[in-house]
Every structure is written in C-alpha cells, then in structure tokens.
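Quick look at upload.txt (compact mmCIF, C-alpha atoms):
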```txt
# COMPACT_ATOMS: atom_id res chain seq x y z
CA MET A 1 0.00 0.00 0.00
CA VAL A 2 2.74 2.42 1.07
CA GLU A 3 4.88 1.27 -1.87
CA GLN A 4 1.99 1.88 -4.24
CA GLN A 5 1.53 5.38 -2.85
CA THR A 6 5.28 6.00 -3.18
CA ALA A 7 5.29 4.92 -6.83
CA GLN A 8 2.19 7.06 -7.45
CA LEU A 9 3.90 10.12 -5.94
CA ASP A 10 6.97 9.41 -8.14
CA ARG A 11 4.70 9.49 -11.21
CA VAL A 12 2.85 12.64 -10.10
CA PHE A 13 6.08 14.59 -9.43
CA HIS A 14 7.60 13.33 -12.69
CA ALA A 15 4.50 14.46 -14.63
CA LEU A 16 4.72 17.90 -13.02
CA SER A 17 8.45 18.31 -13.73
CA ASP A 18 7.77 19.52 -17.30
CA SER A 19 6.49 23.04 -17.93
CA THR A 20 4.50 21.96 -21.03
CA ARG A 21 2.58 19.41 -18.98
CA ARG A 22 1.97 21.99 -16.24
CA ALA A 23 0.65 24.42 -18.87
CA MET A 24 -1.64 21.67 -20.23
CA LEU A 25 -3.01 21.11 -16.71
CA ALA A 26 -3.58 24.86 -16.36
CA SER A 27 -5.63 24.86 -19.62
CA LEU A 28 -7.66 21.93 -18.31
CA THR A 29 -8.68 23.88 -15.21
CA LEU A 30 -10.83 26.02 -17.54
CA ARG A 31 -12.58 23.21 -19.48
CA ALA A 32 -12.03 19.82 -21.11
CA HIS A 33 -9.75 19.91 -24.20
CA SER A 34 -9.08 17.61 -27.12
CA ILE A 35 -5.45 16.57 -27.71
CA GLY A 36 -5.35 18.91 -30.73
CA GLU A 37 -6.46 21.84 -28.59
CA LEU A 38 -3.83 21.00 -25.97
CA ALA A 39 -1.12 20.85 -28.66
CA GLU A 40 -2.06 24.18 -30.30
CA PRO A 41 -0.41 26.77 -28.00
CA PHE A 42 2.91 24.89 -28.19
CA ASP A 43 3.01 24.47 -31.97
CA MET A 44 3.42 20.78 -31.20
CA SER A 45 2.50 17.66 -33.18
CA PHE A 46 -0.52 15.60 -32.16
CA ALA A 47 1.83 12.67 -31.34
CA ALA A 48 4.03 14.80 -29.05
CA ALA A 49 1.00 16.23 -27.22
CA SER A 50 -0.47 12.75 -26.89
CA LYS A 51 2.76 11.55 -25.24
CA HIS A 52 2.55 14.35 -22.67
CA VAL A 53 -1.11 13.51 -22.00
CA LYS A 54 -0.12 9.86 -21.48
CA VAL A 55 2.35 10.89 -18.75
CA LEU A 56 -0.37 13.00 -17.09
CA GLU A 57 -2.80 10.07 -17.41
CA ASN A 58 -0.32 7.58 -15.88
CA ALA A 59 0.05 9.95 -12.94
CA GLY A 60 -3.74 10.05 -12.52
CA LEU A 61 -3.80 13.81 -13.16
CA VAL A 62 -5.83 13.60 -16.38
CA ARG A 63 -8.66 11.38 -17.59
CA ARG A 64 -9.11 10.77 -21.32
CA GLU A 65 -12.57 10.12 -22.78
CA VAL A 66 -12.77 8.71 -26.30
CA HIS A 67 -15.63 10.16 -28.37
CA GLY A 68 -15.23 8.58 -31.81
CA ARG A 69 -12.03 10.09 -33.23
CA THR A 70 -11.78 12.79 -30.58
CA HIS A 71 -9.97 12.19 -27.31
CA LEU A 72 -11.32 14.60 -24.72
CA CYS A 73 -9.09 15.26 -21.69
CA ARG A 74 -10.26 16.32 -18.26
CA ILE A 75 -8.22 17.27 -15.19
CA GLU A 76 -8.39 14.99 -12.12
CA PRO A 77 -7.43 17.45 -9.38
CA GLU A 78 -7.81 14.95 -6.52
CA MET A 79 -4.39 13.47 -7.31
CA LEU A 80 -2.79 16.86 -6.60
CA LYS A 81 -4.11 16.51 -3.07
CA THR A 82 -1.51 13.74 -2.55
CA VAL A 83 1.17 16.38 -3.26
CA ASP A 84 -0.52 18.70 -0.79
CA ASP A 85 -0.60 15.94 1.83
CA TRP A 86 3.10 15.23 1.24
CA LEU A 87 3.92 18.96 1.57
CA ARG A 88 2.12 19.29 4.92
CA GLU A 89 5.08 17.89 6.87
CA TYR A 90 7.39 20.51 5.36
CA ARG A 91 5.03 23.47 5.65
CA ARG A 92 5.74 23.86 9.37
CA LEU A 93 9.48 24.06 8.52
CA TRP A 94 9.25 26.97 6.10
CA GLU A 95 6.64 28.68 8.25
CA ALA A 96 9.02 28.44 11.24
CA ARG A 97 11.77 29.97 9.07
CA PHE A 98 9.54 32.86 7.99
CA ASP A 99 8.48 33.42 11.62
CA ARG A 100 12.13 33.63 12.66
CA LEU A 101 12.81 36.06 9.79
CA ASP A 102 9.82 38.11 10.94
CA ASP A 103 11.16 38.24 14.51
CA TYR A 104 14.57 39.28 13.20
CA LEU A 105 13.11 42.06 11.01
CA ARG A 106 11.03 43.34 13.92
CA GLU A 107 14.13 43.35 16.12
CA LEU A 108 16.03 45.26 13.43
CA GLN A 109 13.22 47.83 13.10
CA GLY A 110 13.26 48.24 16.91
CA LYS A 111 17.00 48.91 16.85
CA GLU A 112 16.62 51.44 14.03
CA LYS A 113 13.90 53.30 15.95
CA ASN A 114 16.10 53.45 19.06
CA HIS A 115 19.02 54.60 16.94
CA GLY A 116 16.79 57.31 15.41
CA ARG A 117 15.81 58.53 18.88
CA LYS A 118 19.43 58.71 20.03
CA ASN A 119 20.37 60.80 17.01
CA LYS A 120 17.60 63.35 17.60
CA MET B 1 12.04 36.05 -14.56
CA VAL B 2 9.00 33.88 -15.31
CA GLU B 3 11.19 31.56 -17.40
CA GLN B 4 13.66 31.27 -14.53
CA GLN B 5 10.84 30.39 -12.13
CA THR B 6 9.52 27.82 -14.62
CA ALA B 7 12.94 26.15 -14.93
CA GLN B 8 13.29 26.21 -11.14
CA LEU B 9 9.92 24.50 -10.71
CA ASP B 10 10.98 21.88 -13.31
CA ARG B 11 14.08 21.13 -11.21
CA VAL B 12 12.14 21.03 -7.91
CA PHE B 13 9.49 18.61 -9.27
CA HIS B 14 12.19 16.49 -10.92
CA ALA B 15 14.12 16.29 -7.61
CA LEU B 16 10.95 15.21 -5.79
CA SER B 17 10.05 12.53 -8.37
CA ASP B 18 12.38 10.00 -6.73
CA SER B 19 11.41 8.27 -3.47
CA THR B 20 15.05 8.03 -2.30
CA ARG B 21 15.47 11.79 -2.61
CA ARG B 22 12.16 12.37 -0.80
CA ALA B 23 13.34 10.05 2.02
CA MET B 24 16.63 12.00 2.20
CA LEU B 25 14.65 15.25 2.55
CA ALA B 26 12.55 13.64 5.31
CA SER B 27 15.76 12.72 7.22
CA LEU B 28 17.00 16.29 6.84
CA THR B 29 13.88 17.67 8.53
CA LEU B 30 15.25 16.15 11.77
CA ARG B 31 18.84 17.47 11.58
CA ALA B 32 21.76 18.09 9.19
CA HIS B 33 23.33 14.89 7.80
CA SER B 34 26.63 14.01 6.14
CA ILE B 35 26.44 12.29 2.73
CA GLY B 36 27.49 9.01 4.41
CA GLU B 37 24.61 9.28 6.88
CA LEU B 38 22.17 9.98 4.05
CA ALA B 39 23.43 6.94 2.13
CA GLU B 40 23.23 4.53 5.09
CA PRO B 41 19.50 3.58 5.23
CA PHE B 42 19.58 2.78 1.47
CA ASP B 43 22.71 0.60 1.51
CA MET B 44 23.93 2.94 -1.20
CA SER B 45 27.47 3.98 -2.22
CA PHE B 46 28.76 7.42 -1.27
CA ALA B 47 28.92 8.33 -4.98
CA ALA B 48 25.28 7.36 -5.59
CA ALA B 49 24.09 9.32 -2.53
CA SER B 50 26.20 12.29 -3.59
CA LYS B 51 24.49 12.26 -7.02
CA HIS B 52 21.05 12.39 -5.36
CA VAL B 53 22.21 15.24 -3.11
CA LYS B 54 23.44 17.11 -6.21
CA VAL B 55 19.95 16.89 -7.75
CA LEU B 56 18.42 18.21 -4.49
CA GLU B 57 21.05 20.98 -4.40
CA ASN B 58 20.38 22.01 -8.02
CA ALA B 59 16.71 22.29 -7.13
CA GLY B 60 17.57 24.54 -4.17
CA LEU B 61 16.08 22.04 -1.71
CA VAL B 62 19.35 21.24 0.05
CA ARG B 63 22.44 23.28 0.97
CA ARG B 64 25.81 21.53 1.33
CA GLU B 65 28.44 22.86 3.75
CA VAL B 66 31.98 21.56 3.38
CA HIS B 67 33.76 20.98 6.71
CA GLY B 68 37.14 19.51 5.79
CA ARG B 69 36.39 16.08 4.35
CA THR B 70 32.80 16.04 5.59
CA HIS B 71 29.98 17.46 3.46
CA LEU B 72 27.12 18.43 5.75
CA CYS B 73 23.67 18.73 4.13
CA ARG B 74 20.83 20.90 5.36
CA ILE B 75 17.26 21.17 4.04
CA GLU B 76 16.16 24.47 2.46
CA PRO B 77 12.38 24.25 2.97
CA GLU B 78 11.64 27.67 1.43
CA MET B 79 11.92 26.18 -2.06
CA LEU B 80 9.02 23.84 -1.26
CA LYS B 81 6.92 26.96 -0.80
CA THR B 82 7.13 27.45 -4.60
CA VAL B 83 5.38 24.07 -4.96
CA ASP B 84 2.77 25.19 -2.45
CA ASP B 85 2.24 28.45 -4.38
CA TRP B 86 1.86 26.51 -7.63
CA LEU B 87 -0.68 24.15 -5.97
CA ARG B 88 -2.84 27.01 -4.70
CA GLU B 89 -4.60 27.43 -8.06
CA TYR B 90 -5.60 23.75 -8.07
CA ARG B 91 -6.61 23.50 -4.42
CA ARG B 92 -9.95 25.22 -5.09
CA LEU B 93 -10.64 22.57 -7.79
CA TRP B 94 -10.27 19.52 -5.56
CA GLU B 95 -11.98 21.30 -2.68
CA ALA B 96 -14.96 22.00 -4.98
CA ARG B 97 -14.98 18.30 -5.95
CA PHE B 98 -14.97 17.18 -2.32
CA ASP B 99 -17.74 19.68 -1.49
CA ARG B 100 -19.86 18.23 -4.30
CA LEU B 101 -19.13 14.70 -3.06
CA ASP B 102 -20.14 15.83 0.44
CA ASP B 103 -23.46 17.22 -0.87
CA TYR B 104 -24.08 13.99 -2.75
CA LEU B 105 -23.36 11.79 0.30
CA ARG B 106 -25.63 13.95 2.45
CA GLU B 107 -28.39 13.64 -0.18
CA LEU B 108 -27.86 9.87 -0.24
CA GLN B 109 -28.06 9.64 3.56
CA GLY B 110 -31.29 11.67 3.46
CA LYS B 111 -32.80 9.26 0.94
CA GLU B 112 -31.77 6.25 3.04
CA LYS B 113 -33.39 7.76 6.12
CA ASN B 114 -36.64 8.37 4.22
CA HIS B 115 -36.48 4.86 2.82
CA GLY B 116 -36.00 3.48 6.38
CA ARG B 117 -39.07 5.40 7.58
CA LYS B 118 -41.24 4.08 4.74
CA ASN B 119 -40.25 0.51 5.55
CA LYS B 120 -41.10 0.81 9.26
```
Translate the structure described by the file into structure tokens.
Amino acid sequence: MVEQQTAQLDRVFHALSDSTRRAMLASLTLRAHSIGELAEPFDMSFAAASKHVKVLENAGLVRREVHGRTHLCRIEPEMLKTVDDWLREYRRLWEARFDRLDDYLRELQGKEKNHGRKNK
Amino acid sequence: MVEQQTAQLDRVFHALSDSTRRAMLASLTLRAHSIGELAEPFDMSFAAASKHVKVLENAGLVRREVHGRTHLCRIEPEMLKTVDDWLREYRRLWEARFDRLDDYLRELQGKEKNHGRKNK
C-alpha cells in the first residue's frame, strides 16, 4: 500500500516536472480539451501532445474520454491533493523559518527606531 | 524572470520525483546529515548518494556545507513553498470536488433515512 503510494507520488512529481505538462493542466482547469487543442499553444505535433497527455494520465492527473475520433481530456485534481498531503510535513518548517525572519526584522526595526531617537 | 521560475519549478518537481530523494529530505527535517549518513539507510554507495544530493542541491532544496572532508547537508524548505504556491490554483478545484461529493453523500443519507421510515 505504502509502496503503491510512493510509486504514485513518483509518477505525479515526474508528470509535473515539465512546464509543457503543467501548462496543459492549467488549460484543463478552464474546461475539457481535445489533444489537438492542448497541442495548439505549443506548436506541437498531435503525437508529441499525446505523449505528454499519457504521462499525465499515468500519474492520474488527467482522464481521457474517447468520443469517436476525438480524445477529450479532463483534469483529475484529486491526485494533486496527494502532493498537498506530502507537503504538509514541510510546511511547518518553512513557516518556522519565515516566523524567525519576521522576529529578526522586527528586532532590526526596533533597533533602528532606538538609533533614530538617540540621534535626535 | 517567469522563465527562470519555470525552470526552477521543473528542477524542484524532478528532484521530488524519486522516493530516495524524498526520504533524504525527510531525514533532513530532523537534523543536518553528512552524505554518508544519508546513504546509510539505502545501503547505497557514497557516490550514488552524492548524485542524489546534487539533484536536491540544483533544485535549491538542500544546501551543502563543506567541513574539511565532511559534506554536511541541510534542508532548504523555502523552495518547497514554490510548490505550495503553484498548488494554490488547483486547491480550489479539488476542494470544490470534495464539497460536491459531500453534498451527494448527504443527499444519499437523506434518501436512506426516508427509505428506512417508509419501511417501518
């Protein structure tokens, strides 16, 4: 089970590691697209776009519906929740860093105010 | 600027697409580790671990400090915030899906209750 989830997360991160595939996902947030429509903004062949869609499909990020000769792609946003769940553990780390930076900046502002007073 | 950010996000997602590198990051949330310590749980050579660390470094997820012959690695969690920022746009999509699922389940429960009453 854990191994399956690990392999799934590998596929999701791999799918997201390409800016063309991320742009395709962004288009799919607006509405379903055919492969041809997904290829268009990149001046890309149907075959190349189809390969990218396959990677997104394997990661569970996109679902392809076949309507005759048209393949209609839809986003499956639930899979991105696995990324969000994975990130949760790390969120407290960067938040702690930003809090410390905040404290430091406040301290610095305090010192500057005191310095300003002394120089008056 | 945008192109730089795009390339950076490519590198971050690529670094995260490998379960060994994700496990290394998880170890680094506890404390700084030498390359040898990072290699240990995987029964991996120093050279192989060092390659993984290089990918994490290139993505800005890890910082390496050289102390004589020891390379000490620290996590840089701020870079994961870029993933979180990228996810934000999609979060509303899966949340909307879960809300709809919630409505549907509530509707279903309502029907079951009514059905139960009729059969009494």
Could you list, as a ChimeraX atom specification, the residues of chain A having an atom within 10 Å of chain B when counting only C-alpha atoms?
/A:3,6-19,22,25-26,29,75-81,83-84,86-98
By how many Å are atom CA of Arg63 of chain B and atom CA of Ser34 of chain B apart?
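Interatomic distance here is 11.4 Å.
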Can you measure atom CA of Ser27 of chain B to atom CA of Asp99 of chain A for me? One decimal in Å is fine.
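Separation of atom CA of Ser27 of chain B and atom CA of Asp99 of chain A: 22.4 Å.
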Using all C-alpha atoms paired in order, least-squares fit chain A onto chain B and give me the moved copy as a JSON list (two decimals) with C-alpha atoms, in the coordinates of the input.
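Below is the file that was written, out11.json:
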```json
[["chain", "number", "residue", "atom", "x", "y", "z"],
["A", 1, "MET", "CA", 11.96, 36.08, -14.51],
["A", 2, "VAL", "CA", 8.93, 33.88, -15.25],
["A", 3, "GLU", "CA", 11.14, 31.58, -17.34],
["A", 4, "GLN", "CA", 13.61, 31.31, -14.48],
["A", 5, "GLN", "CA", 10.80, 30.40, -12.09],
["A", 6, "THR", "CA", 9.50, 27.83, -14.59],
["A", 7, "ALA", "CA", 12.92, 26.19, -14.91],
["A", 8, "GLN", "CA", 13.27, 26.24, -11.11],
["A", 9, "LEU", "CA", 9.90, 24.50, -10.69],
["A", 10, "ASP", "CA", 10.99, 21.90, -13.31],
["A", 11, "ARG", "CA", 14.08, 21.17, -11.19],
["A", 12, "VAL", "CA", 12.14, 21.04, -7.90],
["A", 13, "PHE", "CA", 9.52, 18.60, -9.28],
["A", 14, "HIS", "CA", 12.23, 16.49, -10.92],
["A", 15, "ALA", "CA", 14.16, 16.30, -7.62],
["A", 16, "LEU", "CA", 10.99, 15.20, -5.81],
["A", 17, "SER", "CA", 10.10, 12.53, -8.39],
["A", 18, "ASP", "CA", 12.46, 9.99, -6.77],
["A", 19, "SER", "CA", 11.49, 8.26, -3.52],
["A", 20, "THR", "CA", 15.14, 8.03, -2.34],
["A", 21, "ARG", "CA", 15.53, 11.79, -2.63],
["A", 22, "ARG", "CA", 12.22, 12.33, -0.82],
["A", 23, "ALA", "CA", 13.40, 10.01, 1.97],
["A", 24, "MET", "CA", 16.68, 11.98, 2.18],
["A", 25, "LEU", "CA", 14.68, 15.21, 2.56],
["A", 26, "ALA", "CA", 12.59, 13.58, 5.29],
["A", 27, "SER", "CA", 15.80, 12.66, 7.21],
["A", 28, "LEU", "CA", 17.01, 16.24, 6.84],
["A", 29, "THR", "CA", 13.89, 17.59, 8.54],
["A", 30, "LEU", "CA", 15.27, 16.06, 11.77],
["A", 31, "ARG", "CA", 18.85, 17.42, 11.58],
["A", 32, "ALA", "CA", 21.76, 18.06, 9.21],
["A", 33, "HIS", "CA", 23.37, 14.87, 7.79],
["A", 34, "SER", "CA", 26.65, 14.03, 6.13],
["A", 35, "ILE", "CA", 26.48, 12.32, 2.72],
["A", 36, "GLY", "CA", 27.55, 9.05, 4.39],
["A", 37, "GLU", "CA", 24.68, 9.29, 6.86],
["A", 38, "LEU", "CA", 22.23, 9.98, 4.03],
["A", 39, "ALA", "CA", 23.52, 6.95, 2.09],
["A", 40, "GLU", "CA", 23.32, 4.53, 5.05],
["A", 41, "PRO", "CA", 19.60, 3.58, 5.15],
["A", 42, "PHE", "CA", 19.67, 2.77, 1.41],
["A", 43, "ASP", "CA", 22.81, 0.61, 1.45],
["A", 44, "MET", "CA", 24.04, 2.99, -1.24],
["A", 45, "SER", "CA", 27.56, 4.05, -2.26],
["A", 46, "PHE", "CA", 28.85, 7.48, -1.29],
["A", 47, "ALA", "CA", 29.01, 8.42, -5.01],
["A", 48, "ALA", "CA", 25.37, 7.43, -5.63],
["A", 49, "ALA", "CA", 24.17, 9.36, -2.56],
["A", 50, "SER", "CA", 26.25, 12.36, -3.61],
["A", 51, "LYS", "CA", 24.55, 12.34, -7.03],
["A", 52, "HIS", "CA", 21.12, 12.43, -5.38],
["A", 53, "VAL", "CA", 22.24, 15.29, -3.12],
["A", 54, "LYS", "CA", 23.47, 17.18, -6.20],
["A", 55, "VAL", "CA", 19.98, 16.95, -7.75],
["A", 56, "LEU", "CA", 18.45, 18.22, -4.49],
["A", 57, "GLU", "CA", 21.06, 21.01, -4.38],
["A", 58, "ASN", "CA", 20.39, 22.06, -8.01],
["A", 59, "ALA", "CA", 16.71, 22.32, -7.11],
["A", 60, "GLY", "CA", 17.57, 24.55, -4.14],
["A", 61, "LEU", "CA", 16.08, 22.03, -1.70],
["A", 62, "VAL", "CA", 19.36, 21.24, 0.06],
["A", 63, "ARG", "CA", 22.42, 23.28, 1.01],
["A", 64, "ARG", "CA", 25.80, 21.57, 1.35],
["A", 65, "GLU", "CA", 28.42, 22.89, 3.78],
["A", 66, "VAL", "CA", 31.98, 21.63, 3.41],
["A", 67, "HIS", "CA", 33.75, 21.04, 6.74],
["A", 68, "GLY", "CA", 37.15, 19.61, 5.78],
["A", 69, "ARG", "CA", 36.40, 16.15, 4.37],
["A", 70, "THR", "CA", 32.81, 16.10, 5.58],
["A", 71, "HIS", "CA", 29.99, 17.50, 3.48],
["A", 72, "LEU", "CA", 27.13, 18.44, 5.77],
["A", 73, "CYS", "CA", 23.68, 18.75, 4.15],
["A", 74, "ARG", "CA", 20.83, 20.89, 5.38],
["A", 75, "ILE", "CA", 17.26, 21.15, 4.08],
["A", 76, "GLU", "CA", 16.14, 24.45, 2.50],
["A", 77, "PRO", "CA", 12.38, 24.22, 3.01],
["A", 78, "GLU", "CA", 11.61, 27.63, 1.48],
["A", 79, "MET", "CA", 11.89, 26.16, -2.03],
["A", 80, "LEU", "CA", 9.00, 23.80, -1.24],
["A", 81, "LYS", "CA", 6.87, 26.89, -0.78],
["A", 82, "THR", "CA", 7.10, 27.41, -4.57],
["A", 83, "VAL", "CA", 5.36, 24.02, -4.95],
["A", 84, "ASP", "CA", 2.75, 25.12, -2.44],
["A", 85, "ASP", "CA", 2.21, 28.37, -4.34],
["A", 86, "TRP", "CA", 1.84, 26.43, -7.60],
["A", 87, "LEU", "CA", -0.68, 24.06, -5.96],
["A", 88, "ARG", "CA", -2.88, 26.90, -4.68],
["A", 89, "GLU", "CA", -4.62, 27.33, -8.05],
["A", 90, "TYR", "CA", -5.60, 23.65, -8.07],
["A", 91, "ARG", "CA", -6.63, 23.40, -4.43],
["A", 92, "ARG", "CA", -9.97, 25.09, -5.11],
["A", 93, "LEU", "CA", -10.64, 22.45, -7.81],
["A", 94, "TRP", "CA", -10.24, 19.40, -5.59],
["A", 95, "GLU", "CA", -11.97, 21.15, -2.71],
["A", 96, "ALA", "CA", -14.95, 21.86, -5.00],
["A", 97, "ARG", "CA", -14.98, 18.17, -5.98],
["A", 98, "PHE", "CA", -14.95, 17.03, -2.35],
["A", 99, "ASP", "CA", -17.73, 19.53, -1.53],
["A", 100, "ARG", "CA", -19.85, 18.10, -4.35],
["A", 101, "LEU", "CA", -19.14, 14.56, -3.09],
["A", 102, "ASP", "CA", -20.15, 15.69, 0.40],
["A", 103, "ASP", "CA", -23.44, 17.11, -0.92],
["A", 104, "TYR", "CA", -24.09, 13.88, -2.80],
["A", 105, "LEU", "CA", -23.39, 11.71, 0.28],
["A", 106, "ARG", "CA", -25.66, 13.89, 2.40],
["A", 107, "GLU", "CA", -28.40, 13.58, -0.22],
["A", 108, "LEU", "CA", -27.94, 9.80, -0.25],
["A", 109, "GLN", "CA", -28.14, 9.63, 3.56],
["A", 110, "GLY", "CA", -31.34, 11.73, 3.41],
["A", 111, "LYS", "CA", -32.88, 9.30, 0.92],
["A", 112, "GLU", "CA", -31.91, 6.31, 3.06],
["A", 113, "LYS", "CA", -33.51, 7.88, 6.15],
["A", 114, "ASN", "CA", -36.73, 8.54, 4.22],
["A", 115, "HIS", "CA", -36.65, 5.01, 2.87],
["A", 116, "GLY", "CA", -36.17, 3.70, 6.43],
["A", 117, "ARG", "CA", -39.21, 5.67, 7.61],
["A", 118, "LYS", "CA", -41.39, 4.34, 4.79],
["A", 119, "ASN", "CA", -40.46, 0.77, 5.65],
["A", 120, "LYS", "CA", -41.37, 1.15, 9.33]]
```
Residue neighbourhood Ala39 of chain A, 12 Å, all atoms listed in the file, exclusion window fewer than 2 positions, as a compact mmCIF listing (two decimals) with C-alpha atoms, in the frame of the given file:
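Saved the output as part14.txt:
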```txt
# COMPACT_ATOMS: atom_id res chain seq x y z
CA THR A 20 4.50 21.96 -21.03
CA ARG A 21 2.58 19.41 -18.98
CA ALA A 23 0.65 24.42 -18.87
CA MET A 24 -1.64 21.67 -20.23
CA SER A 27 -5.63 24.86 -19.62
CA HIS A 33 -9.75 19.91 -24.20
CA SER A 34 -9.08 17.61 -27.12
CA ILE A 35 -5.45 16.57 -27.71
CA GLY A 36 -5.35 18.91 -30.73
CA GLU A 37 -6.46 21.84 -28.59
CA PRO A 41 -0.41 26.77 -28.00
CA PHE A 42 2.91 24.89 -28.19
CA ASP A 43 3.01 24.47 -31.97
CA MET A 44 3.42 20.78 -31.20
CA SER A 45 2.50 17.66 -33.18
CA PHE A 46 -0.52 15.60 -32.16
CA ALA A 47 1.83 12.67 -31.34
CA ALA A 48 4.03 14.80 -29.05
CA ALA A 49 1.00 16.23 -27.22
CA SER A 50 -0.47 12.75 -26.89
CA LYS A 51 2.76 11.55 -25.24
CA HIS A 52 2.55 14.35 -22.67
CA VAL A 53 -1.11 13.51 -22.00
CA CYS A 73 -9.09 15.26 -21.69
```
Expressed in Å to a single decimal, how great is the separation between atom CA of Val66 of chain A and atom CA of Arg100 of chain B?
25.0 Å
Best match for closeness to Leu28 of chain A among A:Arg74, A:His67, A:Arg106, A:Lys111, counting all atoms listed in the file
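Closest residue, counting all atoms listed in the file: A:Arg74.
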